[in-house]
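Peer 1: Supplied structure: query.csv, CSV, C-alpha atoms.
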chain,number,residue,atom,x,y,z
U,264,MET,CA,-81.0,69.5,185.8
U,265,LYS,CA,-80.1,66.7,183.5
U,266,MET,CA,-78.7,67.6,180.0
U,267,LYS,CA,-81.5,65.9,178.1
U,268,LYS,CA,-84.1,68.2,179.8
U,269,ILE,CA,-82.0,71.3,179.1
U,270,LEU,CA,-81.3,70.5,175.4
U,271,PRO,CA,-84.9,71.1,174.1
U,272,LEU,CA,-85.1,74.5,175.9
U,273,LEU,CA,-81.8,75.6,174.3
U,274,MET,CA,-83.0,74.5,170.8
U,275,ALA,CA,-86.3,76.4,171.2
U,276,ALA,CA,-84.4,79.5,172.2
U,277,VAL,CA,-82.2,79.2,169.0
U,278,VAL,CA,-85.2,78.7,166.8
U,279,MET,CA,-87.0,81.8,168.3
U,280,THR,CA,-83.8,83.9,167.8
U,281,ALA,CA,-83.5,82.8,164.1
U,282,GLY,CA,-87.2,83.9,163.5
U,283,ILE,CA,-88.4,80.4,162.4
U,284,PRO,CA,-92.1,79.8,163.2
U,285,MET,CA,-92.6,77.4,166.1
U,286,THR,CA,-95.1,75.4,163.9
U,287,ALA,CA,-92.1,74.1,161.9
U,288,GLY,CA,-90.5,72.1,164.6
U,289,ALA,CA,-86.7,72.1,164.7
U,290,ALA,CA,-86.7,68.3,164.8
U,291,ASP,CA,-88.8,68.3,161.6
U,292,LEU,CA,-86.5,70.6,159.8
U,293,ALA,CA,-83.5,68.5,160.7
U,294,GLU,CA,-85.2,65.3,159.4
U,295,GLU,CA,-86.7,66.7,156.1
U,296,PRO,CA,-84.6,66.4,152.9
U,297,ASP,CA,-83.9,69.3,150.5
U,298,ALA,CA,-86.9,68.6,148.3
U,299,GLY,CA,-87.1,72.0,146.6
U,300,VAL,CA,-90.3,73.6,145.2
U,301,GLN,CA,-93.0,71.5,143.5
U,302,THR,CA,-94.4,73.3,140.4
U,303,ASP,CA,-96.3,72.2,137.3
U,304,ALA,CA,-93.0,72.1,135.5
U,305,GLY,CA,-91.2,70.0,138.1
U,306,THR,CA,-89.2,70.7,141.2
U,307,GLU,CA,-87.0,73.8,141.8
U,308,ASP,CA,-84.5,74.5,144.6
U,309,VAL,CA,-85.1,77.5,146.8
U,310,PRO,CA,-82.0,79.1,148.2
U,311,ALA,CA,-81.8,79.6,151.9
U,312,ALA,CA,-82.4,83.1,153.2
U,313,ASP,CA,-79.6,84.9,155.1
U,314,GLY,CA,-77.4,81.8,155.0
U,315,GLY,CA,-79.8,79.9,157.2
U,316,THR,CA,-81.1,76.4,156.9
U,317,ASP,CA,-82.8,75.6,153.5
U,318,GLU,CA,-86.6,75.5,153.8
U,319,THR,CA,-89.0,73.4,151.7
U,320,GLU,CA,-91.8,75.5,150.2
U,321,THR,CA,-94.8,74.0,148.4
U,322,ILE,CA,-96.5,76.2,145.8
U,323,VAL,CA,-100.1,75.2,145.3
U,324,PRO,CA,-101.7,76.4,142.0
U,325,ASP,CA,-104.7,78.6,142.1
U,326,THR,CA,-107.7,76.4,141.6
U,327,ASP,CA,-110.4,79.0,142.0
U,328,GLY,CA,-111.9,77.2,144.9
U,329,GLU,CA,-111.6,73.7,143.5
U,330,ASN,CA,-110.1,70.8,145.3
U,331,PRO,CA,-106.3,71.5,145.3
U,332,ASP,CA,-105.7,67.7,145.2
U,333,ALA,CA,-107.1,67.7,141.7
U,334,ALA,CA,-105.1,70.6,140.5
U,335,ASP,CA,-102.1,68.6,139.3
U,336,PRO,CA,-102.8,67.7,135.6
U,337,ALA,CA,-100.7,64.6,136.0
U,338,GLU,CA,-103.1,63.2,138.5
U,339,GLU,CA,-106.4,64.1,136.6
U,340,PRO,CA,-108.0,61.5,134.4
U,341,GLU,CA,-108.0,62.7,130.8
U,342,GLU,CA,-111.5,63.7,129.4
U,343,GLU,CA,-112.7,61.2,126.9
U,344,VAL,CA,-113.0,62.8,123.5
U,345,LYS,CA,-114.9,61.1,120.7
U,346,ASP,CA,-112.7,60.6,117.6
U,347,GLU,CA,-114.3,62.2,114.6
U,348,ASP,CA,-113.5,59.1,112.6
U,349,GLU,CA,-114.8,56.7,115.3
U,350,PRO,CA,-117.5,54.5,113.8
U,351,VAL,CA,-121.1,55.6,114.6
U,352,GLU,CA,-123.0,53.3,117.0
U,353,VAL,CA,-125.5,51.2,115.2
U,354,LEU,CA,-128.6,51.1,117.5
U,355,GLU,CA,-130.7,48.5,115.6
U,356,GLY,CA,-130.2,45.8,113.0
U,357,ALA,CA,-126.4,45.5,113.6
U,358,GLU,CA,-126.3,41.9,112.5
U,359,VAL,CA,-128.5,42.2,109.4
U,360,ASP,CA,-127.2,40.9,106.1
U,361,THR,CA,-127.2,44.2,104.3
U,362,ASP,CA,-125.1,47.2,103.8
U,363,ASN,CA,-128.1,49.6,103.8
U,364,VAL,CA,-128.3,52.1,106.6
U,365,VAL,CA,-131.2,54.3,107.8
U,366,THR,CA,-130.6,57.4,109.8
U,367,LEU,CA,-133.3,59.0,112.0
U,368,GLY,CA,-133.5,62.5,113.4
U,369,GLU,CA,-133.3,62.3,117.2
U,370,ASN,CA,-136.3,64.6,117.7
U,371,LEU,CA,-138.8,62.4,115.9
U,372,SER,CA,-141.4,60.6,117.9
U,373,GLU,CA,-141.7,56.8,117.9
U,374,ASP,CA,-144.7,57.0,115.5
U,375,GLN,CA,-142.8,59.3,113.2
U,376,ARG,CA,-139.8,57.0,113.1
U,377,ASN,CA,-142.1,54.0,112.3
U,378,ALA,CA,-143.6,56.1,109.5
U,379,MET,CA,-140.1,56.7,108.0
U,380,TYR,CA,-139.4,53.0,108.0
U,381,GLU,CA,-142.6,52.5,106.2
U,382,TYR,CA,-141.9,55.2,103.7
U,383,PHE,CA,-138.4,53.8,103.0
U,384,GLY,CA,-140.0,50.4,102.3
U,385,THR,CA,-138.1,48.6,105.1
U,386,SER,CA,-138.2,48.0,108.8
U,387,ALA,CA,-135.9,48.2,111.8
U,388,ASP,CA,-135.1,44.5,111.7
U,389,LYS,CA,-134.0,44.6,108.1
U,390,VAL,CA,-131.5,47.5,108.0
U,391,ARG,CA,-128.9,49.0,110.2
U,392,THR,CA,-130.1,52.2,112.0
U,393,ILE,CA,-128.3,55.1,113.5
U,394,ILE,CA,-129.7,58.2,115.2
U,395,VAL,CA,-128.5,61.6,114.1
U,396,THR,CA,-128.3,64.1,116.9
U,397,HIS,CA,-128.4,67.9,116.9
U,398,ALA,CA,-124.8,67.8,118.1
U,399,ASP,CA,-123.9,65.8,114.9
U,400,GLU,CA,-125.5,68.5,112.7
U,401,VAL,CA,-123.7,71.3,114.6
U,402,LYS,CA,-120.3,69.5,114.2
U,403,TYR,CA,-120.8,69.4,110.4
U,404,MET,CA,-122.4,72.8,109.9
U,405,GLU,CA,-121.2,75.2,112.6
U,406,GLY,CA,-119.3,78.1,111.1
U,407,ILE,CA,-120.7,77.3,107.6
U,408,ALA,CA,-124.5,77.6,108.1
U,409,THR,CA,-126.4,80.2,110.2
U,410,ALA,CA,-128.0,79.2,113.4
U,411,GLU,CA,-131.4,79.5,111.7
U,412,GLN,CA,-130.3,77.1,108.9
U,413,ILE,CA,-129.0,74.6,111.5
U,414,GLY,CA,-132.2,74.9,113.5
U,415,ALA,CA,-132.8,73.8,117.1
U,416,THR,CA,-133.9,70.2,116.4
U,417,THR,CA,-132.9,67.3,114.1
U,418,ASN,CA,-135.7,65.7,112.1
U,419,SER,CA,-134.3,64.8,108.7
U,420,CYS,CA,-133.8,61.1,107.9
U,421,ALA,CA,-131.9,59.3,105.3
U,422,TYR,CA,-131.7,55.8,103.7
U,423,VAL,CA,-128.5,54.9,101.9
U,424,GLU,CA,-127.7,52.0,99.6
U,425,PRO,CA,-124.1,51.6,98.4
U,426,THR,CA,-123.7,50.7,94.7
U,427,ASP,CA,-120.7,49.9,92.5
U,428,SER,CA,-121.8,52.0,89.5
U,429,GLY,CA,-124.5,54.3,88.2
U,430,GLY,CA,-123.4,57.5,90.0
U,431,ILE,CA,-125.3,59.0,92.8
U,432,LYS,CA,-129.1,58.9,92.6
U,433,VAL,CA,-131.2,60.9,95.1
U,434,LYS,CA,-134.8,61.1,96.0
U,435,THR,CA,-136.3,63.5,98.6
U,436,ALA,CA,-139.6,63.7,100.4
U,437,ASN,CA,-140.8,66.8,102.3
U,438,LEU,CA,-137.7,68.8,101.8
U,439,ASN,CA,-138.9,72.2,100.6
U,440,TYR,CA,-135.6,74.0,100.2
U,441,VAL,CA,-132.8,71.6,99.4
U,442,THR,CA,-133.4,69.6,96.2
U,443,SER,CA,-132.3,66.1,95.1
U,444,SER,CA,-129.9,67.7,92.6
U,445,MET,CA,-128.2,69.8,95.3
U,446,ILE,CA,-127.7,66.8,97.5
U,447,ALA,CA,-126.4,64.6,94.6
U,448,SER,CA,-123.9,67.3,93.5
U,449,THR,CA,-122.6,68.0,97.0
U,450,LEU,CA,-122.2,64.3,97.7
U,451,THR,CA,-119.7,64.1,94.8
U,452,THR,CA,-117.8,66.9,96.4
U,453,ALA,CA,-117.8,65.0,99.7
U,454,GLY,CA,-116.0,62.2,97.8
U,455,MET,CA,-118.9,59.8,97.2
U,456,GLU,CA,-119.1,58.3,93.7
U,457,ASN,CA,-121.9,55.8,93.6
U,458,GLY,CA,-125.0,55.1,95.7
U,459,ASN,CA,-128.7,55.4,96.0
U,460,VAL,CA,-129.9,58.0,98.6
U,461,ILE,CA,-133.2,59.0,100.0
U,462,ALA,CA,-133.5,62.1,102.2
U,463,ALA,CA,-136.9,62.6,103.8
U,464,CYS,CA,-138.9,63.8,106.8
U,465,PRO,CA,-142.4,63.0,108.1
U,466,PHE,CA,-143.3,66.7,107.7
U,467,GLU,CA,-141.9,69.6,105.6
U,468,VAL,CA,-138.5,70.9,106.5
U,469,SER,CA,-135.8,72.9,104.6
U,470,GLY,CA,-133.5,69.9,104.4
U,471,THR,CA,-130.3,71.9,105.1
U,472,GLY,CA,-129.3,69.3,107.8
U,473,ALA,CA,-130.1,66.3,105.6
U,474,LEU,CA,-126.5,66.1,104.3
U,475,THR,CA,-125.2,65.3,107.8
U,476,GLY,CA,-127.3,62.1,108.1
U,477,ILE,CA,-126.6,61.0,104.5
U,478,ILE,CA,-122.8,61.3,105.0
U,479,MET,CA,-123.0,59.4,108.4
U,480,ALA,CA,-125.1,56.7,106.7
U,481,TYR,CA,-122.8,56.4,103.8
U,482,GLU,CA,-119.7,56.1,105.9
U,483,THR,CA,-121.4,53.4,108.1
U,484,ALA,CA,-122.8,51.5,105.1
U,485,SER,CA,-119.6,51.5,103.0
U,486,GLY,CA,-117.1,51.3,105.9
U,487,GLU,CA,-115.3,54.2,104.2
U,488,SER,CA,-114.4,57.4,106.0
U,489,LEU,CA,-114.7,60.4,103.6
U,490,ASP,CA,-112.0,63.1,103.8
U,491,ALA,CA,-112.9,65.7,106.4
U,492,GLY,CA,-111.9,68.6,104.2
U,493,LYS,CA,-114.1,67.3,101.3
U,494,LYS,CA,-117.0,66.9,103.7
U,495,GLU,CA,-116.6,70.5,104.8
U,496,ALA,CA,-116.4,71.7,101.2
U,497,ALA,CA,-119.6,69.8,100.4
U,498,MET,CA,-121.4,71.4,103.3
U,499,GLU,CA,-120.2,74.8,102.1
U,500,GLU,CA,-121.3,74.0,98.6
U,501,LEU,CA,-124.8,73.0,99.7
U,502,ILE,CA,-125.3,76.2,101.7
U,503,ALA,CA,-123.9,78.4,98.9
U,504,THR,CA,-126.2,76.7,96.3
U,505,GLY,CA,-129.2,77.1,98.6
U,506,ASN,CA,-128.4,80.8,99.1
U,507,LEU,CA,-128.0,81.3,95.4
U,508,SER,CA,-131.3,79.5,94.7
U,509,ASP,CA,-133.1,82.2,96.7
U,510,ALA,CA,-132.3,84.6,93.8
U,511,LEU,CA,-132.0,82.3,90.8
U,512,GLY,CA,-134.2,79.3,91.6
U,513,SER,CA,-132.8,75.9,92.5
U,514,GLU,CA,-132.3,74.6,88.9
U,515,ALA,CA,-130.3,77.6,87.7
U,516,ALA,CA,-128.3,77.8,90.9
U,517,THR,CA,-127.4,74.1,90.8
U,518,GLU,CA,-126.5,74.2,87.1
U,519,VAL,CA,-124.2,77.2,87.6
U,520,MET,CA,-122.5,75.6,90.6
U,521,ASN,CA,-122.1,72.3,88.8
U,522,GLU,CA,-120.6,73.8,85.7
U,523,VAL,CA,-118.1,75.9,87.7
U,524,LYS,CA,-117.1,72.9,89.7
U,525,THR,CA,-116.6,70.8,86.6
U,526,GLU,CA,-114.4,73.5,85.0
U,527,ILE,CA,-112.4,74.0,88.2
U,528,ILE,CA,-111.6,70.3,88.5
U,529,ASP,CA,-111.1,69.8,84.7
U,530,LYS,CA,-108.7,72.6,84.3
U,531,GLY,CA,-107.0,72.4,87.7
U,532,LEU,CA,-107.8,76.0,88.6
U,533,THR,CA,-106.6,77.0,92.0
U,534,ASP,CA,-106.0,80.7,91.8
U,535,PRO,CA,-108.9,82.8,93.1
U,536,GLU,CA,-108.7,85.2,90.2
U,537,GLU,CA,-108.9,82.4,87.6
U,538,ILE,CA,-111.7,80.8,89.5
U,539,GLY,CA,-113.5,84.2,89.5
U,540,GLU,CA,-113.1,84.5,85.8
U,541,ALA,CA,-114.6,81.0,85.3
U,542,VAL,CA,-117.6,82.0,87.6
U,543,ASP,CA,-118.2,85.2,85.5
U,544,LYS,CA,-118.0,83.2,82.2
U,545,ILE,CA,-120.5,80.5,83.3
U,546,ALA,CA,-122.8,83.0,84.9
U,547,ALA,CA,-122.9,85.0,81.6
U,548,ASN,CA,-123.6,81.8,79.7
U,549,HIS,CA,-126.7,81.3,81.9
U,550,ASP,CA,-127.7,85.0,81.6
U,551,VAL,CA,-127.2,85.3,85.4
U,552,THR,CA,-126.1,88.4,87.1
U,553,LEU,CA,-124.4,87.7,90.4
U,554,THR,CA,-123.9,90.2,93.3
U,555,ASP,CA,-120.4,90.7,94.6
U,556,GLU,CA,-121.4,88.7,97.7
U,557,GLN,CA,-122.8,85.8,95.6
U,558,ARG,CA,-119.8,85.7,93.4
U,559,GLN,CA,-117.4,85.7,96.3
U,560,GLN,CA,-119.2,82.9,98.0
U,561,ILE,CA,-119.0,80.7,94.9
U,562,VAL,CA,-115.3,81.6,94.5
U,563,SER,CA,-114.6,80.7,98.1
U,564,VAL,CA,-116.3,77.3,97.8
U,565,MET,CA,-114.6,76.5,94.6
U,566,GLU,CA,-111.2,77.5,95.9
U,567,LYS,CA,-111.7,75.0,98.7
U,568,ILE,CA,-112.8,72.3,96.3
U,569,SER,CA,-109.7,73.0,94.1
U,570,GLN,CA,-107.5,71.8,97.0
U,571,PHE,CA,-108.5,68.2,96.6
U,572,ASP,CA,-108.1,65.5,94.0
U,573,TYR,CA,-111.3,64.2,92.3
U,574,ASP,CA,-112.0,61.7,89.5
U,575,LEU,CA,-113.8,64.0,87.1
U,576,SER,CA,-115.3,61.1,85.1
U,577,ALA,CA,-117.0,59.8,88.3
U,578,ILE,CA,-118.3,63.2,89.2
U,579,GLN,CA,-119.5,63.7,85.6
U,580,ASN,CA,-121.4,60.5,85.8
U,581,THR,CA,-123.7,62.0,88.4
U,582,LEU,CA,-123.7,65.6,87.2
U,583,ASP,CA,-124.7,64.7,83.6
U,584,SER,CA,-128.0,63.2,84.9
U,585,LEU,CA,-128.7,66.3,87.0
U,586,ASN,CA,-128.4,68.6,84.0
U,587,ASP,CA,-131.0,66.6,81.9
U,588,LYS,CA,-128.4,65.5,79.4
U,589,VAL,CA,-130.1,62.1,79.0
U,590,GLY,CA,-131.6,62.0,75.5
U,591,VAL,CA,-135.4,61.6,75.0
U,592,LEU,CA,-135.0,58.1,73.4
U,593,GLU,CA,-132.8,56.9,76.2
U,594,SER,CA,-135.3,58.2,78.8
U,595,ALA,CA,-138.2,56.6,77.0
U,596,TRP,CA,-136.4,53.3,76.8
U,597,LYS,CA,-135.7,53.4,80.5
U,598,SER,CA,-139.3,54.0,81.3
U,599,ILE,CA,-140.4,51.0,79.1
U,600,LYS,CA,-137.8,48.8,80.6
U,601,SER,CA,-138.8,49.8,84.1
U,602,PHE,CA,-142.4,48.9,83.4
U,603,PHE,CA,-141.6,45.4,82.2
U,604,VAL,CA,-138.5,44.3,84.2
U,605,GLY,CA,-138.4,46.8,87.1
U,606,SER,CA,-136.2,49.7,87.9
U,607,ASP,CA,-132.5,49.4,88.7
U,608,ASP,CA,-132.8,52.4,91.1
U,609,GLY,CA,-132.8,50.1,94.1
U,610,ILE,CA,-134.3,51.6,97.2
U,611,LEU,CA,-135.5,54.7,95.3
U,612,SER,CA,-138.2,52.6,93.6
U,613,GLN,CA,-139.4,51.1,96.9
U,614,THR,CA,-140.7,54.2,98.7
U,615,ASN,CA,-144.3,54.4,99.9
U,616,ASP,CA,-145.5,58.0,99.8
U,617,GLU,CA,-148.8,57.1,101.5
U,618,ALA,CA,-146.9,56.5,104.7
U,619,LEU,CA,-146.2,60.2,105.0
U,620,GLY,CA,-149.8,61.3,104.3
U,621,GLY,CA,-151.5,62.9,101.3
U,622,ASP,CA,-149.4,65.9,100.5
U,623,VAL,CA,-145.8,64.7,100.1
U,624,LEU,CA,-143.4,67.0,98.3
U,625,THR,CA,-141.1,64.7,96.3
U,626,ASP,CA,-138.1,65.3,94.1
U,627,SER,CA,-135.8,62.9,92.4
U,628,THR,CA,-132.8,62.8,90.1
U,629,VAL,CA,-134.1,59.7,88.3
U,630,SER,CA,-136.8,59.5,85.7
U,631,GLU,CA,-139.9,57.6,86.7
U,632,GLY,CA,-142.6,57.0,84.1
U,633,GLY,CA,-140.9,59.2,81.6
U,634,PHE,CA,-141.0,62.3,83.8
U,635,LYS,CA,-138.7,63.7,86.4
U,636,ASP,CA,-140.2,63.0,89.8
U,637,GLY,CA,-139.2,66.5,90.8
U,638,LEU,CA,-141.9,68.2,88.7
U,639,ILE,CA,-143.7,69.5,91.9
U,640,THR,CA,-140.5,71.0,93.2
U,641,ARG,CA,-139.7,72.6,89.9
U,642,ILE,CA,-143.1,74.3,89.9
U,643,VAL,CA,-142.6,75.5,93.5
U,644,ASN,CA,-139.2,76.9,92.7
U,645,PHE,CA,-140.6,78.6,89.6
U,646,PHE,CA,-143.0,80.6,91.7
U,647,LYS,CA,-140.4,81.2,94.5
U,648,LYS,CA,-138.1,82.7,91.9
U,649,ASP,CA,-140.6,85.5,91.2
Please go through the file and, once you have read it, give me the structure as structure tokens.
Peer 2:
Amino acid sequence: MKMKKILPLLMAAVVMTAGIPMTAGAADLAEEPDAGVQTDAGTEDVPAADGGTDETETIVPDTDGENPDAADPAEEPEEEVKDEDEPVEVLEGAEVDTDNVVTLGENLSEDQRNAMYEYFGTSADKVRTIIVTHADEVKYMEGIATAEQIGATTNSCAYVEPTDSGGIKVKTANLNYVTSSMIASTLTTAGMENGNVIAACPFEVSGTGALTGIIMAYETASGESLDAGKKEAAMEELIATGNLSDALGSEAATEVMNEVKTEIIDKGLTDPEEIGEAVDKIAANHDVTLTDEQRQQIVSVMEKISQFDYDLSAIQNTLDSLNDKVGVLESAWKSIKSFFVGSDDGILSQTNDEALGGDVLTDSTVSEGGFKDGLITRIVNFFKKD
């Protein structure tokens, strides 16, 4: 028998004696380099057993039945995550010559969206428009508001006009829980200083989700990204003020929150105990008795606000108008001037209530015709308080 025929038989016998499975051919073992063990952390060497030939072992991660080829993170494509500060997509009117922005709730019908444009006194081809989704509201409100306050649909709309002065002026339509004053005050907390804002819906809603669309519209209109921490504090303030208004009424709740916020910023209070003392003092000034839970919620919100820098004069410019500190003569003069030369309240003076039907609940931080436009809301809140 020739040697080349005997050699394979001898090698097979050696392999069988050493206990190496026949599936790993001796020739393959001789040719394969010492690669070690492949793991998520890299490659490790496995020592040979009983002094025999080193064997290459591949460890496959447990993929729970998934394709093992996709188990290596290095080979998987990264999931695309939307940056929180990424500009919102403008769906319509991207090329219009205006900074004004309309936001529409994603759950409104086409007819309802058209009614909102008509109420705002504009049209889709004249402004930039973005759609606010329920996911947007959840992103802003989750962990701050209850599931009931967030709701299952998104219907609130907003119209924002950036301005260089005048503070923040707000008008609302069909918001039966959140008032124009609450929105204006919390927008100062979010970092906004000037602007005309309308928050509305084709039918009555609470308005707790309105702030989301307003902030999105303002950032799109101004090209300015507001501080994420300030936006969160603003949302907490809105919810806290709303909760407080259940017991005190919206006006008293807003006034207490505004005065506490002013004192915190003015005196630079950051210690929870000092903030609590300020809350107690201001509540007493308004003859308001707070529960422990109400007091703690206010202190918690103000403690968060105290972490940020604010221009108190800019905030005061808005808050003074909310607290009815404009004198009678000044208010009367403004009404006369508006009658003859028009209002300087921009988009707030262009709304068309008839577009939303006969019974529109309106509220505004500006005086129109010598009276606060929020008279209806004040009456509603008066009876709610009892």
Peer 1: Could you work out how far atom CA of Lys493 of chain U lies from atom CA of Tyr481 of chain U, giving the answer in Å with one decimal?
Peer 2: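 If I compute the distance from atom CA of Tyr481 of chain U to atom CA of Lys493 of chain U, I get 14.2 Å.
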Peer 1: Any idea what's packed within 9 Å of Met404 of chain U, counting all atoms listed in the file, ignoring anything in its chain fewer than 5 positions away? Could you give it as a PyMOL selection string?
Peer 2: chain U and resi 399+409+413+472+475+495+498-499
Peer 1: Rounded to one decimal, what separation in Å do you get between atom CA of Lys524 of chain U and atom CA of Gln570 of chain U?
Peer 2: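 Atom CA of Gln570 of chain U lies at a distance of 12.1 Å from atom CA of Lys524 of chain U.
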Peer 1: Mind giving me the straight-line distance from atom CA of Thr471 of chain U to atom CA of Gly512 of chain U in Å, one decimal?
Peer 2: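 The value is 15.9 Å.
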Peer 1: Around (-106.5, 70.9, 92.9) in the file's own coordinates, what residues are found within 7 Å if you use all atoms listed in the file, given back as a list in words?
Peer 2: Ile528, Gly531, Leu532, Thr533, Ser569, Gln570, Phe571 and Asp572 of chain U
Peer 1: With C-alpha atoms kept, could you save the residues just selected as a PDB file, in the coordinates of the input?
Peer 2:
ATOM      1  CA  ILE U 528    -111.600  70.300  88.500  1.00  0.00           C
ATOM      2  CA  GLY U 531    -107.000  72.400  87.700  1.00  0.00           C
ATOM      3  CA  LEU U 532    -107.800  76.000  88.600  1.00  0.00           C
ATOM      4  CA  THR U 533    -106.600  77.000  92.000  1.00  0.00           C
ATOM      5  CA  SER U 569    -109.700  73.000  94.100  1.00  0.00           C
ATOM      6  CA  GLN U 570    -107.500  71.800  97.000  1.00  0.00           C
ATOM      7  CA  PHE U 571    -108.500  68.200  96.600  1.00  0.00           C
ATOM      8  CA  ASP U 572    -108.100  65.500  94.000  1.00  0.00           C
TER       9      ASP U 572
END
Peer 1: Could you give me, as a ChimeraX atom specification, the residues that sit within 12 Å of (-118.9, 78.1, 92.9) in the file's coordinates, counting only C-alpha atoms?
Peer 2: /U:448-449,452,496-497,499-507,516-528,535,538-546,553,556-569
Peer 1: Smallest atom-to-atom distance to Leu624 of chain U: which of U:Ile578, U:Ile477, U:Val460, U:Ala436, using all atoms listed in the file?
Peer 2: U:Ala436
Peer 1: Find, counting all atoms listed in the file, the residue in U:Ala547, U:Ile394, U:Cys420, U:Ile407 that gets nearest to Val468 of chain U.
Peer 2: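 The shortest atom-to-atom distance to Val468 of chain U comes from U:Cys420.
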Peer 1: I need the residue nearest Gly621 of chain U from this list: U:Gly609, U:Thr392, U:Asn437, U:Thr417. Use all atoms listed in the file for the distance.
Peer 2: U:Asn437
Peer 1: My list of candidates is U:Leu611, U:Leu367, U:Ala515, U:Val401. Which is closest to Phe383 of chain U when distances are computed with all atoms listed in the file?
Peer 2: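 Once distances to Phe383 of chain U are computed over all atoms listed in the file, the minimum belongs to U:Leu611.
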Peer 1: Which residue out of U:Gly620, U:Gly476, U:Pro465, U:Gly414 has the minimum interatomic distance to Leu371 of chain U when all atoms listed in the file are used?
Peer 2: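 Under the stated criterion, the closest residue is U:Pro465.
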